[in-house]
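Written out below as structure tokens is the structure these notes cover.
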Amino acid sequence: MSGFRLYFSYLSMLFRSQMQYRASFLLLTAGQFFIPFAVFASLYFLFERFGQLQGWSFYEVALIFAVIHLAFSIAECFARGFDMFSSLVVSGDFDRLLVRPRSTIVQVLGSQFEFTRFGRLLQGAIVLAVALINLPIAWNAAKIATLVLMIACGVCIFAGIFVLFATMCFWTVQGLEVANVFTDGGREMAQYPLDIYKRWVTVFFTFVIPFGCVNYLPMLFLLDRADGPAAAYMAMPLAGVLFLVPCVLVWRLGVRHYRSTGS
Amino acid sequence: MIELQGISKSFKVAKRSPGIGQAFKALFAREHTIVHALRDVSFSIGEGEIVGYIGPNGAGKSTSIKVMSGILVPDEGSCRIMGHTPWRDRTEYVRSIGVVFGQRSQLWWDVPVLDSFELLKDIYRIREADYRSNLAMLTETLDLEPILQVPVRQLSLGQRMRCEIAASLLHGPRILFLDEPTIGLDAVSKLAVRKFIRTLNEEKGVTVILTTHDMSDIEALAGRILMIGKGTLLYDGTIEKLRSRFGTERKITVDHEPSEKAPEVPGATLLSWTGERTVLSVDTERNRMADVLSRLTGQIELIDVSVEAKPVDEMIVELYREHRI
């Protein structure tokens, strides 16, 4: 996998660039650490007031919250290149990527990395730790693997959304704020157990953008609340990987379109 | 080495009308106009040539460079470069070309130049030994030693351009595309860049295709000019040929002892006369320069004479005018 090796060469380059601006890096990281705290605090006070949310305890919701926030911040770190892709097209630097003998995906991934998101990552990790300590989960290898899979596949979903909306830049460079409805909006929705929503919302976030598959459903398995074969619940998060497939195909289509229109 | 056959390319460009009402309308029904960027362009370039690619803005220069470097897929026509169709096997093909976009940097802004080179080594999968020897050669000929450790953002434009060119050659390409390599450079850097391109071409046999608006680049480097206008190839030939077509006129400037009246020389047109300086224009196709000068010496006391050929710029403008572009 020389693509991975190249990606790490890119990373080390971006990290050295970032370190040129150390103070700004530290401040931004600290800021990123505190931003989602406000969200989490509101969650806490909600439970303080009502005790529970449709049968979900505070720590259960915290687990769901942590998984989705961790996945989002990791995706923002790694797939930032796609998130910021419009600037690459507008400046014409995408042409440069095309005259290099590597896949466009690796090169776009390697074009940006948001190190300051480590702050948000840390915060997600703390919330996760708090939730796990306080939940009566009987841990075994299968459950640990499921938890890791939940986060990893959550990253895939967010990355997929970034790729999809980056692809739209090939057709239009304006009005891409729509993407936030799905990334930020999806994140806000998916930080609560999906069964509290109306049915169509649940269906959308299970079968179209499978956020439910990476936190809600496998969490039922973690909490031993699942009814049905455990393996099915464990494998649910893989829907996130599946979600990436059409995204990558659409990306290819976009690149082909770009190369025939040059815009 | 490079063979283009009937390449055409047109773009759909959305019409933009002013006003918010129009902008709103455009959301739903865009009007398009078709722009023919290239129409039936054919030429071939042999190994080891330096070709100057010229034409006014929007003539189709960068479109053809994009087609030749595999970025754009044309609507029609075929293009074979070193056995490849550029847009078909892109990753394989681009290994053997280097591209410099004069207006855009390919170096990483905040880190030392050498770090960018190291990353390019990974991108192109250059073997260690090749990388070492190429880097050594480029460092010496482009005089990069003192700037290799400097972050790109601290380099002057001329220094940066030398690094850009080096970056495009690390993987030892057989063809180098230069899109306005001397834009914005000072005289010293300009000369250094030109000298390097010539050396590269002569010693390594690298084929060079350069676009520029600076005709002195062309004059200094290119044996051959391809001129494109409105998407069609208008001229393909040497500078000498162009000169014999448009540049047979010479301007003679004569400083002399004060004279009572302007000298009268048959065959020459008087452009100006100030008493101590006379400027004449002579068409060397119809009159011999020696005759004109000897007639001049018969009438005035010469101090200094200078003869200028028409600058390439003016010939190009005439060529444009001839084709109404």
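Please note that chains go A, B, ... in the order of the structure tokens, that every chain numbers its residues from 1, and that ligands are numbered from 1 in the order shown.
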>> Give me the residues near B:Val150 as a ChimeraX atom specification, where near means some atom within 8 Å (using only C-alpha atoms) and where sequence neighbours in that chain fewer than 2 positions away do not count.
In response: /B:111-113,147-148,152,154-155
For the residues in that selection, give me N, CA, C and O atoms as a CSV table (one decimal), in the first residue's frame.
chain,number,residue,atom,x,y,z
B,111,VAL,N,7.5,25.3,4.4
B,111,VAL,CA,8.7,24.4,4.8
B,111,VAL,C,9.8,24.7,3.8
B,111,VAL,O,9.7,25.2,2.7
B,112,PRO,N,11.1,24.3,4.2
B,112,PRO,CA,12.2,24.5,3.3
B,112,PRO,C,12.0,23.8,2.0
B,112,PRO,O,11.3,22.8,1.9
B,113,VAL,N,12.6,24.4,1.0
B,113,VAL,CA,12.5,23.9,-0.4
B,113,VAL,C,12.9,22.4,-0.4
B,113,VAL,O,12.2,21.6,-1.1
B,147,ILE,N,19.7,28.3,-1.1
B,147,ILE,CA,18.3,28.5,-0.7
B,147,ILE,C,17.6,27.2,-0.4
B,147,ILE,O,16.4,27.2,-0.1
B,148,LEU,N,18.3,26.0,-0.5
B,148,LEU,CA,17.6,24.8,-0.2
B,148,LEU,C,16.9,24.7,1.1
B,148,LEU,O,15.9,24.0,1.3
B,152,VAL,N,9.8,28.3,1.5
B,152,VAL,CA,9.5,28.9,0.2
B,152,VAL,C,8.9,30.3,0.4
B,152,VAL,O,9.2,31.2,-0.5
B,154,GLN,N,9.8,32.6,2.1
B,154,GLN,CA,10.8,33.7,2.2
B,154,GLN,C,11.6,33.9,0.9
B,154,GLN,O,12.5,34.7,0.9
B,155,LEU,N,11.4,33.1,-0.1
B,155,LEU,CA,12.1,33.3,-1.3
B,155,LEU,C,11.6,34.4,-2.2
B,155,LEU,O,10.5,34.8,-2.1
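Near B:Arg277, within 12 Å and counting only C-alpha atoms, sit Ile252, Thr253, Val254, Asp255, His256, Glu257, Pro258, Ser259, Glu260, Lys261, Ala262, Pro263, Leu270, Leu271, Ser272, Ile300, Glu301, Leu302, Ile303, Asp304, Val305 and Ser306 of chain B; same-chain residues fewer than 5 positions away were not included.
Taking atom CA of A:Tyr233 as the reference point, atom CA of A:Lys143 is found at 10.6 Å.
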Could you make a table, as CSV, of the residues of chain B that have an atom within 9 Å of an atom of chain A, each with its nearest atom pair and distance in Å to one decimal, counting only C-alpha atoms, in chain and number order?
residue,atom,partner,partner_atom,distance
B:Lys9,CA,A:Ser260,CA,8.9
B:Ser10,CA,A:Thr261,CA,8.3
B:Phe11,CA,A:Thr261,CA,6.2
B:Lys12,CA,A:Thr261,CA,7.8
B:Thr63,CA,A:Gly262,CA,8.7
B:Lys66,CA,A:Asp95,CA,8.3
B:Ser69,CA,A:Val99,CA,6.6
B:Gly70,CA,A:Val99,CA,7.0
B:Ile71,CA,A:Leu98,CA,5.9
B:Leu72,CA,A:Arg259,CA,4.6
B:Val73,CA,A:Ser260,CA,5.0
B:Pro74,CA,A:Ser260,CA,6.9
B:Asp75,CA,A:Ser260,CA,7.9
B:Trp87,CA,A:Arg259,CA,8.5
B:Arg90,CA,A:Pro101,CA,7.2
B:Thr91,CA,A:Pro101,CA,4.1
B:Glu92,CA,A:Pro101,CA,6.5
B:Tyr93,CA,A:Pro101,CA,7.8
B:Val94,CA,A:Val99,CA,5.6
B:Arg95,CA,A:Pro101,CA,5.9
B:Ile97,CA,A:Val99,CA,8.3
B:Gly98,CA,A:Val99,CA,8.1
B:Val99,CA,A:Val99,CA,7.4
B:Phe101,CA,A:Arg96,CA,8.5
B:Arg104,CA,A:Asp93,CA,7.5
B:Ser105,CA,A:Asp93,CA,8.5
B:Gln106,CA,A:Arg96,CA,7.3
B:Trp108,CA,A:Ser17,CA,8.1
B:Trp109,CA,A:Ser17,CA,7.8
B:Asp110,CA,A:Ser17,CA,5.1
B:Val111,CA,A:Ser17,CA,5.8
B:Asp115,CA,A:Met13,CA,7.5
B:Ser116,CA,A:Met13,CA,8.0
B:Glu118,CA,A:Ser9,CA,8.9
B:Leu119,CA,A:Ser9,CA,6.5
B:Asp122,CA,A:Leu6,CA,6.3
B:Ile123,CA,A:Leu6,CA,6.6
B:Tyr124,CA,A:Pro101,CA,6.4
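Atom CA of A:Leu11 is positioned 28.8 Å from atom CA of A:Pro210.
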> What are the DSSP helix (DSSP H, G or I) residues of stretch 103-211 of chain B, as a PyMOL selection string?
Replying inline: chain B and resi 113-123+128-141+145-147+152-154+157-169+187-204
